[in-house]
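Printed here is target.cif (mmCIF, C-alpha atoms):
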data_target
loop_
_atom_site.group_PDB
_atom_site.id
_atom_site.type_symbol
_atom_site.label_atom_id
_atom_site.label_comp_id
_atom_site.auth_asym_id
_atom_site.auth_seq_id
_atom_site.Cartn_x
_atom_site.Cartn_y
_atom_site.Cartn_z
ATOM 1 C CA MET X 1 5.306 10.821 -0.665
ATOM 2 C CA ILE X 2 8.059 10.612 -3.227
ATOM 3 C CA GLY X 3 8.805 6.953 -3.028
ATOM 4 C CA ARG X 4 5.790 5.102 -1.737
ATOM 5 C CA ARG X 5 3.154 4.688 -4.375
ATOM 6 C CA ALA X 6 -0.137 2.932 -4.805
ATOM 7 C CA LEU X 7 -1.536 1.505 -8.024
ATOM 8 C CA PHE X 8 -5.346 0.707 -7.974
ATOM 9 C CA ALA X 9 -7.854 0.192 -10.827
ATOM 10 C CA THR X 10 -5.580 2.656 -12.560
ATOM 11 C CA LEU X 11 -1.763 3.168 -12.042
ATOM 12 C CA THR X 12 -1.886 5.522 -8.939
ATOM 13 C CA ALA X 13 0.983 7.506 -6.775
ATOM 14 C CA GLY X 14 3.384 9.732 -3.435
ATOM 15 C CA ILE X 15 9.481 12.732 -0.542
ATOM 16 C CA LEU X 16 8.495 8.875 -0.009
ATOM 17 C CA SER X 17 5.618 8.343 -2.335
ATOM 18 C CA ALA X 18 3.681 5.143 -2.542
ATOM 19 C CA CYS X 19 1.854 3.773 -5.516
ATOM 20 C CA GLU X 20 -1.112 1.604 -5.961
ATOM 21 C CA LEU X 21 -1.875 0.081 -9.321
ATOM 22 C CA ALA X 22 -5.422 -1.085 -9.705
ATOM 23 C CA VAL X 23 -5.885 -3.782 -12.280
ATOM 24 C CA PRO X 24 -9.496 -4.662 -13.103
ATOM 25 C CA ASP X 25 -9.530 -8.404 -13.591
ATOM 26 C CA SER X 26 -12.393 -10.696 -12.749
ATOM 27 C CA ALA X 27 -10.169 -13.664 -13.563
ATOM 28 C CA ALA X 28 -7.330 -12.766 -11.173
ATOM 29 C CA PRO X 29 -6.000 -16.016 -9.637
ATOM 30 C CA ALA X 30 -6.822 -16.536 -5.966
ATOM 31 C CA VAL X 31 -3.839 -18.849 -5.585
ATOM 32 C CA ALA X 32 -0.519 -17.810 -7.082
ATOM 33 C CA PRO X 33 2.066 -20.324 -8.282
ATOM 34 C CA THR X 34 4.726 -21.408 -5.823
ATOM 35 C CA PRO X 35 7.885 -19.326 -6.237
ATOM 36 C CA VAL X 36 10.857 -21.066 -7.785
ATOM 37 C CA ALA X 37 13.995 -21.290 -5.643
ATOM 38 C CA LEU X 38 16.530 -18.780 -6.964
ATOM 39 C CA PRO X 39 20.310 -18.890 -6.574
ATOM 40 C CA LEU X 40 21.895 -16.577 -4.038
ATOM 41 C CA PRO X 41 23.761 -13.678 -5.675
ATOM 42 C CA PRO X 42 27.388 -12.902 -4.867
ATOM 43 C CA ALA X 43 28.257 -9.959 -2.606
ATOM 44 C CA PRO X 44 26.050 -6.859 -3.079
ATOM 45 C CA SER X 45 26.791 -5.009 -6.276
ATOM 46 C CA GLN X 46 28.094 -1.460 -6.417
ATOM 47 C CA GLN X 47 24.647 -0.332 -7.542
ATOM 48 C CA SER X 48 22.958 -2.020 -4.572
ATOM 49 C CA ASN X 49 25.430 -0.476 -2.119
ATOM 50 C CA ALA X 50 24.985 2.947 -3.699
ATOM 51 C CA ILE X 51 21.198 2.881 -3.464
ATOM 52 C CA ARG X 52 21.385 1.589 0.123
ATOM 53 C CA THR X 53 23.530 4.620 1.001
ATOM 54 C CA TYR X 54 21.139 6.934 -0.841
ATOM 55 C CA TYR X 55 18.115 5.722 1.130
ATOM 56 C CA ALA X 56 20.004 5.810 4.440
ATOM 57 C CA ASN X 57 20.883 9.459 3.767
ATOM 58 C CA LEU X 58 17.294 10.196 2.751
ATOM 59 C CA GLN X 59 15.917 8.728 5.965
ATOM 60 C CA ASN X 60 18.424 10.727 8.024
ATOM 61 C CA ASP X 61 17.473 13.939 6.194
ATOM 62 C CA LEU X 62 13.771 13.345 6.874
ATOM 63 C CA LEU X 63 14.391 12.626 10.558
ATOM 64 C CA VAL X 64 16.527 15.763 10.957
ATOM 65 C CA GLN X 65 13.596 17.765 9.579
ATOM 66 C CA GLY X 66 11.317 16.289 12.226
ATOM 67 C CA LEU X 67 9.476 14.116 9.678
ATOM 68 C CA MET X 68 8.739 10.363 9.729
ATOM 69 C CA ARG X 69 6.926 10.644 13.063
ATOM 70 C CA ARG X 70 5.978 7.408 14.809
ATOM 71 C CA ASP X 71 3.661 8.769 17.495
ATOM 72 C CA GLY X 72 0.396 8.266 15.626
ATOM 73 C CA GLY X 73 -0.669 11.883 16.095
ATOM 74 C CA GLY X 74 -1.430 13.889 19.213
ATOM 75 C CA PRO X 75 -2.629 17.263 20.574
ATOM 76 C CA ASP X 76 -0.766 19.088 17.812
ATOM 77 C CA THR X 77 -2.704 17.239 15.077
ATOM 78 C CA PRO X 78 -6.407 17.584 15.920
ATOM 79 C CA PHE X 79 -9.078 16.710 13.373
ATOM 80 C CA THR X 80 -12.838 17.059 13.336
ATOM 81 C CA ALA X 81 -15.536 14.694 12.108
ATOM 82 C CA ASP X 82 -16.027 16.839 9.018
ATOM 83 C CA MET X 83 -12.307 16.659 8.264
ATOM 84 C CA LEU X 84 -12.331 12.883 8.748
ATOM 85 C CA ALA X 85 -15.314 12.460 6.424
ATOM 86 C CA ARG X 86 -13.723 14.691 3.785
ATOM 87 C CA ASN X 87 -10.415 12.824 3.980
ATOM 88 C CA PHE X 88 -12.165 9.468 3.723
ATOM 89 C CA GLU X 89 -13.979 10.464 0.561
ATOM 90 C CA ARG X 90 -10.815 11.768 -1.073
ATOM 91 C CA ILE X 91 -8.714 8.740 -0.130
ATOM 92 C CA ALA X 92 -11.271 5.961 -0.679
ATOM 93 C CA PHE X 93 -13.084 7.206 -3.787
ATOM 94 C CA TYR X 94 -10.374 8.779 -5.934
ATOM 95 C CA ASP X 95 -7.239 7.579 -7.716
ATOM 96 C CA GLU X 96 -4.156 9.742 -8.038
ATOM 97 C CA HIS X 97 -2.763 8.015 -11.116
ATOM 98 C CA ARG X 98 -3.810 5.644 -13.846
ATOM 99 C CA ILE X 99 -2.256 2.910 -15.952
ATOM 100 C CA GLY X 100 -0.241 3.919 -18.973
ATOM 101 C CA THR X 101 3.218 3.487 -20.418
ATOM 102 C CA ARG X 102 4.292 5.836 -17.642
ATOM 103 C CA LEU X 103 2.716 6.956 -14.372
ATOM 104 C CA GLN X 104 -0.038 9.347 -15.459
ATOM 105 C CA SER X 105 -2.490 11.540 -13.593
ATOM 106 C CA SER X 106 -5.998 10.172 -13.290
ATOM 107 C CA ASN X 107 -8.950 11.908 -14.914
ATOM 108 C CA GLY X 108 -10.130 13.130 -11.517
ATOM 109 C CA GLU X 109 -13.387 11.205 -11.548
ATOM 110 C CA ALA X 110 -14.600 9.407 -8.447
ATOM 111 C CA ARG X 111 -14.611 5.626 -8.616
ATOM 112 C CA LEU X 112 -16.811 3.094 -6.841
ATOM 113 C CA LEU X 113 -15.973 1.949 -3.333
ATOM 114 C CA ALA X 114 -13.731 -1.124 -3.446
ATOM 115 C CA ARG X 115 -12.558 -3.394 -0.644
ATOM 116 C CA TRP X 116 -12.014 -7.070 0.153
ATOM 117 C CA ASP X 117 -15.002 -9.298 0.838
ATOM 118 C CA THR X 118 -12.938 -12.475 1.332
ATOM 119 C CA PRO X 119 -10.244 -13.143 3.972
ATOM 120 C CA VAL X 120 -6.897 -11.478 3.229
ATOM 121 C CA ARG X 121 -4.023 -13.965 3.349
ATOM 122 C CA MET X 122 -0.640 -12.215 3.290
ATOM 123 C CA LYS X 123 2.591 -13.912 2.355
ATOM 124 C CA VAL X 124 6.059 -12.344 2.456
ATOM 125 C CA GLU X 125 8.539 -13.378 -0.232
ATOM 126 C CA PHE X 126 12.155 -12.264 -0.498
ATOM 127 C CA GLY X 127 14.585 -11.766 -3.324
ATOM 128 C CA PRO X 128 17.695 -13.966 -3.186
ATOM 129 C CA SER X 129 19.886 -11.086 -2.004
ATOM 130 C CA VAL X 130 17.901 -10.374 1.192
ATOM 131 C CA PRO X 131 19.847 -11.663 4.244
ATOM 132 C CA THR X 132 18.290 -14.045 6.766
ATOM 133 C CA THR X 133 18.278 -11.533 9.621
ATOM 134 C CA GLN X 134 16.322 -9.019 7.559
ATOM 135 C CA ARG X 135 13.889 -11.718 6.419
ATOM 136 C CA SER X 136 13.067 -12.570 10.025
ATOM 137 C CA LYS X 137 12.597 -8.920 10.961
ATOM 138 C CA ASP X 138 10.410 -8.112 7.956
ATOM 139 C CA SER X 139 8.277 -11.230 8.371
ATOM 140 C CA ALA X 140 7.610 -10.250 11.983
ATOM 141 C CA THR X 141 6.719 -6.682 10.932
ATOM 142 C CA VAL X 142 4.219 -7.870 8.336
ATOM 143 C CA ALA X 143 2.661 -10.426 10.724
ATOM 144 C CA ALA X 144 2.195 -7.795 13.436
ATOM 145 C CA PHE X 145 0.707 -5.315 10.982
ATOM 146 C CA ALA X 146 -1.640 -7.927 9.519
ATOM 147 C CA ASN X 147 -2.947 -8.532 13.040
ATOM 148 C CA ARG X 148 -3.412 -4.802 13.497
ATOM 149 C CA LEU X 149 -5.310 -4.463 10.216
ATOM 150 C CA ALA X 150 -7.605 -7.317 11.232
ATOM 151 C CA ARG X 151 -8.251 -5.755 14.630
ATOM 152 C CA VAL X 152 -8.956 -2.305 13.203
ATOM 153 C CA THR X 153 -11.128 -3.310 10.247
ATOM 154 C CA GLY X 154 -12.877 -6.326 11.746
ATOM 155 C CA HIS X 155 -12.057 -8.095 8.466
ATOM 156 C CA PRO X 156 -10.012 -11.339 8.461
ATOM 157 C CA VAL X 157 -6.348 -10.540 7.721
ATOM 158 C CA VAL X 158 -3.726 -13.211 8.428
ATOM 159 C CA THR X 159 -0.292 -14.272 7.267
ATOM 160 C CA ALA X 160 -0.295 -17.577 5.423
ATOM 161 C CA LYS X 161 2.159 -19.803 3.586
ATOM 162 C CA ASN X 162 -0.466 -21.265 1.265
ATOM 163 C CA ARG X 163 -3.406 -19.936 -0.748
ATOM 164 C CA SER X 164 -2.161 -16.388 -0.279
ATOM 165 C CA ASN X 165 -3.886 -13.541 -2.115
ATOM 166 C CA PHE X 166 -1.788 -10.606 -0.854
ATOM 167 C CA HIS X 167 1.888 -11.083 -1.740
ATOM 168 C CA VAL X 168 4.490 -8.844 -0.113
ATOM 169 C CA LEU X 169 7.736 -8.929 -2.098
ATOM 170 C CA VAL X 170 10.932 -7.573 -0.548
ATOM 171 C CA VAL X 171 13.497 -7.274 -3.333
ATOM 172 C CA GLY X 172 16.855 -5.624 -3.854
ATOM 173 C CA GLU X 173 18.593 -4.102 -6.850
ATOM 174 C CA ASP X 174 20.460 -7.355 -7.442
ATOM 175 C CA ASP X 175 17.191 -9.323 -7.560
ATOM 176 C CA ARG X 176 15.655 -7.554 -10.537
ATOM 177 C CA ALA X 177 16.460 -10.180 -13.162
ATOM 178 C CA ALA X 178 15.771 -13.101 -10.840
ATOM 179 C CA MET X 179 12.327 -11.770 -9.862
ATOM 180 C CA GLY X 180 11.108 -11.148 -13.405
ATOM 181 C CA THR X 181 9.444 -14.553 -13.651
ATOM 182 C CA ARG X 182 7.775 -14.113 -10.278
ATOM 183 C CA PHE X 183 6.296 -10.766 -11.300
ATOM 184 C CA SER X 184 4.866 -12.418 -14.408
ATOM 185 C CA GLN X 185 3.342 -15.216 -12.319
ATOM 186 C CA LEU X 186 1.716 -12.894 -9.816
ATOM 187 C CA LEU X 187 0.639 -10.196 -12.292
ATOM 188 C CA PRO X 188 -0.095 -12.021 -15.560
ATOM 189 C CA ASN X 189 -2.528 -9.353 -16.794
ATOM 190 C CA LEU X 190 -0.182 -6.382 -16.637
ATOM 191 C CA THR X 191 1.249 -5.091 -19.888
ATOM 192 C CA ALA X 192 4.902 -5.726 -20.642
ATOM 193 C CA ALA X 193 5.563 -2.002 -20.118
ATOM 194 C CA ASN X 194 4.064 -2.022 -16.638
ATOM 195 C CA ARG X 195 5.865 -5.229 -15.668
ATOM 196 C CA ALA X 196 9.110 -3.570 -16.797
ATOM 197 C CA LEU X 197 8.282 -0.594 -14.562
ATOM 198 C CA LEU X 198 7.834 -2.874 -11.569
ATOM 199 C CA GLN X 199 11.024 -4.776 -12.302
ATOM 200 C CA ASN X 200 13.078 -1.595 -12.804
ATOM 201 C CA LEU X 201 11.670 0.866 -10.309
ATOM 202 C CA PRO X 202 13.051 4.407 -10.596
ATOM 203 C CA ARG X 203 14.938 5.528 -7.498
ATOM 204 C CA ASP X 204 12.192 7.913 -6.377
ATOM 205 C CA MET X 205 9.639 5.094 -6.297
ATOM 206 C CA HIS X 206 10.405 3.454 -2.968
ATOM 207 C CA CYS X 207 7.611 0.887 -2.871
ATOM 208 C CA LEU X 208 4.191 0.231 -4.310
ATOM 209 C CA VAL X 209 1.170 -2.027 -4.232
ATOM 210 C CA VAL X 210 -0.679 -3.447 -7.227
ATOM 211 C CA VAL X 211 -4.318 -4.278 -6.538
ATOM 212 C CA SER X 212 -6.445 -6.487 -8.778
ATOM 213 C CA HIS X 213 -10.195 -6.162 -8.482
ATOM 214 C CA SER X 214 -13.248 -7.542 -10.231
ATOM 215 C CA ASP X 215 -14.209 -5.595 -13.330
ATOM 216 C CA SER X 216 -17.892 -5.345 -12.490
ATOM 217 C CA VAL X 217 -20.486 -3.203 -10.738
ATOM 218 C CA VAL X 218 -19.215 -4.787 -7.517
ATOM 219 C CA PRO X 219 -15.464 -4.034 -7.593
ATOM 220 C CA ARG X 220 -14.296 -6.515 -4.970
ATOM 221 C CA ILE X 221 -10.550 -6.650 -4.374
ATOM 222 C CA LEU X 222 -9.350 -10.086 -5.465
ATOM 223 C CA SER X 223 -5.594 -9.935 -4.910
ATOM 224 C CA ALA X 224 -2.711 -7.566 -4.233
ATOM 225 C CA VAL X 225 1.052 -7.505 -4.679
ATOM 226 C CA ALA X 226 3.212 -5.086 -2.664
ATOM 227 C CA ILE X 227 6.824 -4.460 -3.663
ATOM 228 C CA VAL X 228 9.268 -3.034 -1.106
ATOM 229 C CA ARG X 229 12.930 -2.264 -1.709
ATOM 230 C CA ALA X 230 15.265 -4.412 0.397
ATOM 231 C CA GLU X 231 17.895 -1.653 0.577
ATOM 232 C CA HIS X 232 15.719 0.674 2.654
ATOM 233 C CA PRO X 233 16.881 1.317 6.231
ATOM 234 C CA ASP X 234 14.614 -0.149 8.892
ATOM 235 C CA LEU X 235 12.230 2.771 9.472
ATOM 236 C CA LEU X 236 11.772 3.570 5.798
ATOM 237 C CA ARG X 237 11.129 -0.111 5.056
ATOM 238 C CA LYS X 238 8.603 -0.339 7.892
ATOM 239 C CA ALA X 239 6.907 2.814 6.594
ATOM 240 C CA CYS X 240 6.535 1.138 3.219
ATOM 241 C CA PHE X 241 4.944 -1.931 4.802
ATOM 242 C CA HIS X 242 2.461 0.226 6.687
ATOM 243 C CA GLU X 243 1.378 2.325 3.739
ATOM 244 C CA GLU X 244 1.305 -0.339 1.019
ATOM 245 C CA LEU X 245 -0.511 -2.933 3.112
ATOM 246 C CA ALA X 246 -3.026 -0.350 4.325
ATOM 247 C CA GLN X 247 -3.584 0.926 0.802
ATOM 248 C CA GLY X 248 -3.954 -2.645 -0.389
ATOM 249 C CA MET X 249 -7.011 -2.880 1.865
ATOM 250 C CA GLY X 250 -8.734 -0.290 -0.352
ATOM 251 C CA LEU X 251 -7.557 3.178 0.728
ATOM 252 C CA VAL X 252 -5.986 4.001 -2.594
ATOM 253 C CA ASN X 253 -5.300 7.722 -2.736
ATOM 254 C CA ASP X 254 -3.318 10.409 -0.903
ATOM 255 C CA SER X 255 -4.653 13.773 0.225
ATOM 256 C CA PRO X 256 -2.623 16.869 1.194
ATOM 257 C CA ASP X 257 -5.334 17.702 3.738
ATOM 258 C CA ALA X 258 -5.143 14.383 5.611
ATOM 259 C CA ARG X 259 -3.394 14.858 8.980
ATOM 260 C CA PRO X 260 -2.194 13.041 10.975
ATOM 261 C CA SER X 261 -1.851 10.486 8.206
ATOM 262 C CA ILE X 262 0.456 8.381 6.084
ATOM 263 C CA PHE X 263 -1.950 8.992 3.189
ATOM 264 C CA ASN X 264 -0.277 12.320 2.566
ATOM 265 C CA ASP X 265 2.739 13.288 0.452
ATOM 266 C CA ASP X 266 4.442 15.360 3.145
ATOM 267 C CA ASP X 267 6.174 12.470 5.012
ATOM 268 C CA GLU X 268 5.277 13.935 8.394
ATOM 269 C CA PHE X 269 4.236 10.490 9.615
ATOM 270 C CA ALA X 270 6.005 7.213 8.894
ATOM 271 C CA LEU X 271 3.544 4.773 10.434
ATOM 272 C CA LEU X 272 -0.215 4.288 10.555
ATOM 273 C CA THR X 273 -1.874 6.920 12.747
ATOM 274 C CA ASN X 274 -5.046 7.076 14.831
ATOM 275 C CA HIS X 275 -6.639 9.061 11.986
ATOM 276 C CA ASP X 276 -5.711 6.297 9.519
ATOM 277 C CA GLU X 277 -7.148 3.597 11.755
ATOM 278 C CA ALA X 278 -10.420 5.536 11.710
ATOM 279 C CA LEU X 279 -10.334 5.584 7.904
ATOM 280 C CA LEU X 280 -9.845 1.801 7.807
ATOM 281 C CA ARG X 281 -12.712 1.210 10.226
ATOM 282 C CA MET X 282 -14.916 3.422 8.070
ATOM 283 C CA LEU X 283 -13.949 1.565 4.909
ATOM 284 C CA TYR X 284 -15.054 -1.756 6.390
ATOM 285 C CA ASP X 285 -18.129 -0.439 8.184
ATOM 286 C CA PRO X 286 -21.072 -2.606 7.039
ATOM 287 C CA ARG X 287 -23.139 0.512 6.382
ATOM 288 C CA LEU X 288 -20.905 1.116 3.369
ATOM 289 C CA THR X 289 -21.044 -1.419 0.565
ATOM 290 C CA ILE X 290 -18.748 -2.391 -2.278
ATOM 291 C CA GLY X 291 -19.719 -0.549 -5.451
ATOM 292 C CA MET X 292 -21.244 2.415 -3.601
ATOM 293 C CA THR X 293 -20.733 5.809 -5.226
ATOM 294 C CA ALA X 294 -19.224 8.769 -3.376
ATOM 295 C CA ASP X 295 -22.531 10.672 -3.583
ATOM 296 C CA VAL X 296 -24.535 7.828 -2.052
ATOM 297 C CA ALA X 297 -21.909 7.154 0.607
ATOM 298 C CA ARG X 298 -21.401 10.788 1.669
ATOM 299 C CA PRO X 299 -24.235 11.144 4.237
ATOM 300 C CA ILE X 300 -23.414 7.725 5.703
ATOM 301 C CA VAL X 301 -19.733 8.624 5.932
ATOM 302 C CA ARG X 302 -20.594 11.792 7.841
ATOM 303 C CA ILE X 303 -22.571 9.783 10.393
ATOM 304 C CA ILE X 304 -19.779 7.226 10.808
ATOM 305 C CA ALA X 305 -17.157 9.978 11.153
ATOM 306 C CA ARG X 306 -19.099 11.595 13.998
ATOM 307 C CA GLN X 307 -19.437 8.267 15.737
ATOM 308 C CA GLU X 308 -15.704 7.686 15.323
ATOM 309 C CA LEU X 309 -15.062 10.847 17.335
ATOM 310 C CA GLY X 310 -17.744 10.112 19.917
ATOM 311 C CA GLN X 311 -20.034 12.923 18.803
ATOM 312 C CA THR X 312 -23.814 12.882 18.930
ATOM 313 C CA LEU X 313 -25.644 12.708 15.603
#
Represent the supplied structure as structure tokens.
Amino acid sequence: MIGRRALFATLTAGILSACELAVPDSAAPAVAPTPVALPLPPAPSQQSNAIRTYYANLQNDLLVQGLMRRDGGGPDTPFTADMLARNFERIAFYDEHRIGTRLQSSNGEARLLARWDTPVRMKVEFGPSVPTTQRSKDSATVAAFANRLARVTGHPVVTAKNRSNFHVLVVGEDDRAAMGTRFSQLLPNLTAANRALLQNLPRDMHCLVVVSHSDSVVPRILSAVAIVRAEHPDLLRKACFHEELAQGMGLVNDSPDARPSIFNDDDEFALLTNHDEALLRMLYDPRLTIGMTADVARPIVRIIARQELGQTL
């Protein structure tokens, strides 16, 4: 999707694309420094107002086209166990992009299965320009979605004020300079070029998640940082929360064949679907293990996919 992107163990990407940047780092801090209080900016700048209008128009255009569905899928979007297994492999074992001075295509090779093996503790932080009413709304959205992720995966996912390892940053155009130090604190191992990319997102990059994992034969996810633009209208902002937080759990890629799904560049669906919940359950199924290759996992994935759809083996 053009603006939502995911960056995972390589700088990865998505009319709303998402990005996940995966940063191998066995020394990634489990506890990030406390953010420094930043002064409130004056009234929104002309640039902030302009980009807010741009995204409002974009959301309206998508809705007029019948995109950004919120129904989770239905009779018009059937999928089989074979389709589910195929989509899982493509989304969980491949990266769309890799780290470089710019967003670059990956080499197309499958990677090892990566996921969290410690409790996920999400914390929402806001740039100085984000108004109080929006902060309350976004905090509630993230808390509700964290509960949903925990319920679906069976893995501990909570919101927490302290000892957080999944930081969700909601920042506006006028917060770029003020948030530079915070980006450096949370992502100390990124290159200066990649930090500059995060601090100065191009307009077509709506949101992203940066995932740090252990650089070993057991690529556990150690921490994640999601960045969401504050100027997005409500639905587009909520869509970013859904995709980036779900991708931060370990589903790092997009697939044009995945439907109904938010892990697809076509923007048909705005929010997590029943298909996507199945993918998350599969990712955290104990029959799959961190560091497993796609070839080893494939027959197990097929069994799990059939069970997901209530089929006999």
Could you please give me, as a CSV table (one decimal) with C-alpha atoms, keeping the file's coordinate frame, the residues of protein, DNA or RNA lying at most 8 Å from (-15.4, 13.4, 15.6) in the coordinate frame of the file, considering only C-alpha atoms?
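Saved result, point.csv, follows:
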chain,number,residue,atom,x,y,z
X,79,PHE,CA,-9.1,16.7,13.4
X,80,THR,CA,-12.8,17.1,13.3
X,81,ALA,CA,-15.5,14.7,12.1
X,82,ASP,CA,-16.0,16.8,9.0
X,84,LEU,CA,-12.3,12.9,8.7
X,305,ALA,CA,-17.2,10.0,11.2
X,306,ARG,CA,-19.1,11.6,14.0
X,307,GLN,CA,-19.4,8.3,15.7
X,308,GLU,CA,-15.7,7.7,15.3
X,309,LEU,CA,-15.1,10.8,17.3
X,310,GLY,CA,-17.7,10.1,19.9
X,311,GLN,CA,-20.0,12.9,18.8
> Hey, what comes out of the PyMOL selection byres ((chain X and resi 183) around 12) on this file? Could you write it as number ranges by chain?
Replying inline: X: 32-33, 35-36, 125, 127, 167-169, 171, 175-182, 184-192, 194-200, 210, 224-227
> Which one is closest to Arg86 in chain X: X:Arg259, X:Arg121, X:Arg203, X:His242? Count all atoms listed in the file.
Replying inline: X:Arg259
> For the file shown, what are the residues hit by the PyMOL selection byres ((chain X and resi 172) around 10), laid out as a PyMOL selection string?
Replying inline: chain X and resi 44+48+51-52+126-130+169-171+173-176+179+228-232
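Selection result for the displayed file, with the PyMOL selection byres ((chain X and resi 294) around 12) as criterion, is Ala85, Arg86, Phe88, Glu89, Arg90, Ile91, Ala92, Phe93, Tyr94, Glu109, Ala110, Arg111, Leu112, Leu113, Ala114, Leu288, Thr289, Ile290, Gly291, Met292, Thr293, Asp295, Val296, Ala297, Arg298, Pro299, Ile300, Val301 and Arg302 of chain X.
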Same residues, C-alpha atoms, saved as a compact mmCIF listing (two decimals), in the frame of the given file:
# COMPACT_ATOMS: atom_id res chain seq x y z
CA ALA X 85 -15.31 12.46 6.42
CA ARG X 86 -13.72 14.69 3.78
CA PHE X 88 -12.16 9.47 3.72
CA GLU X 89 -13.98 10.46 0.56
CA ARG X 90 -10.82 11.77 -1.07
CA ILE X 91 -8.71 8.74 -0.13
CA ALA X 92 -11.27 5.96 -0.68
CA PHE X 93 -13.08 7.21 -3.79
CA TYR X 94 -10.37 8.78 -5.93
CA GLU X 109 -13.39 11.20 -11.55
CA ALA X 110 -14.60 9.41 -8.45
CA ARG X 111 -14.61 5.63 -8.62
CA LEU X 112 -16.81 3.09 -6.84
CA LEU X 113 -15.97 1.95 -3.33
CA ALA X 114 -13.73 -1.12 -3.45
CA LEU X 288 -20.90 1.12 3.37
CA THR X 289 -21.04 -1.42 0.56
CA ILE X 290 -18.75 -2.39 -2.28
CA GLY X 291 -19.72 -0.55 -5.45
CA MET X 292 -21.24 2.42 -3.60
CA THR X 293 -20.73 5.81 -5.23
CA ASP X 295 -22.53 10.67 -3.58
CA VAL X 296 -24.54 7.83 -2.05
CA ALA X 297 -21.91 7.15 0.61
CA ARG X 298 -21.40 10.79 1.67
CA PRO X 299 -24.24 11.14 4.24
CA ILE X 300 -23.41 7.72 5.70
CA VAL X 301 -19.73 8.62 5.93
CA ARG X 302 -20.59 11.79 7.84
>> Which residue is closest to Tyr55 in chain X? Choose from X:Val218, X:Met205, X:Val157, X:Leu280 and count all atoms listed in the file.
In response: X:Met205
> Interatomic distance between CA of Asp276 in chain X and CA of Pro260 in chain X?
Replying inline: 7.7 Å
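The space between CA of Ala146 in chain X and CA of Pro202 in chain X spans 27.8 Å.
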> For the atom pair CA of Asp61 in chain X and CA of Thr132 in chain X, what is the interatomic distance in Å to one decimal place?
Replying inline: 28.0 Å
> Near Pro233 in chain X, within 12 Å and counting all atoms listed in the file, which residues show up once chain neighbours fewer than 6 positions away are dropped, as a PyMOL selection string?
Replying inline: chain X and resi 51-60+134+138+206+239-240
> Using all atoms listed in the file, what residues lie at most 8 Å away from (4.7, 6.6, 12.3) (file coordinates), given as a VMD selection string?
Replying inline: chain X and resid 68 to 72 239 262 269 to 273
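Candidate residues X:Ala50, X:Ala144, X:Val209, X:Met122 were compared for distance to Val158 in chain X, and the nearest is X:Met122, using only C-alpha atoms.
If all atoms listed in the file are the atoms counted, then among X:Lys137, X:Ser216, X:Thr312, X:Ala143 the closest residue to Lys123 in chain X is X:Ala143.
Checking X:Thr118, X:Asn87, X:Thr159, X:Thr153 one by one against Val252 in chain X, counting only C-alpha atoms, you find the shortest gap at X:Asn87.
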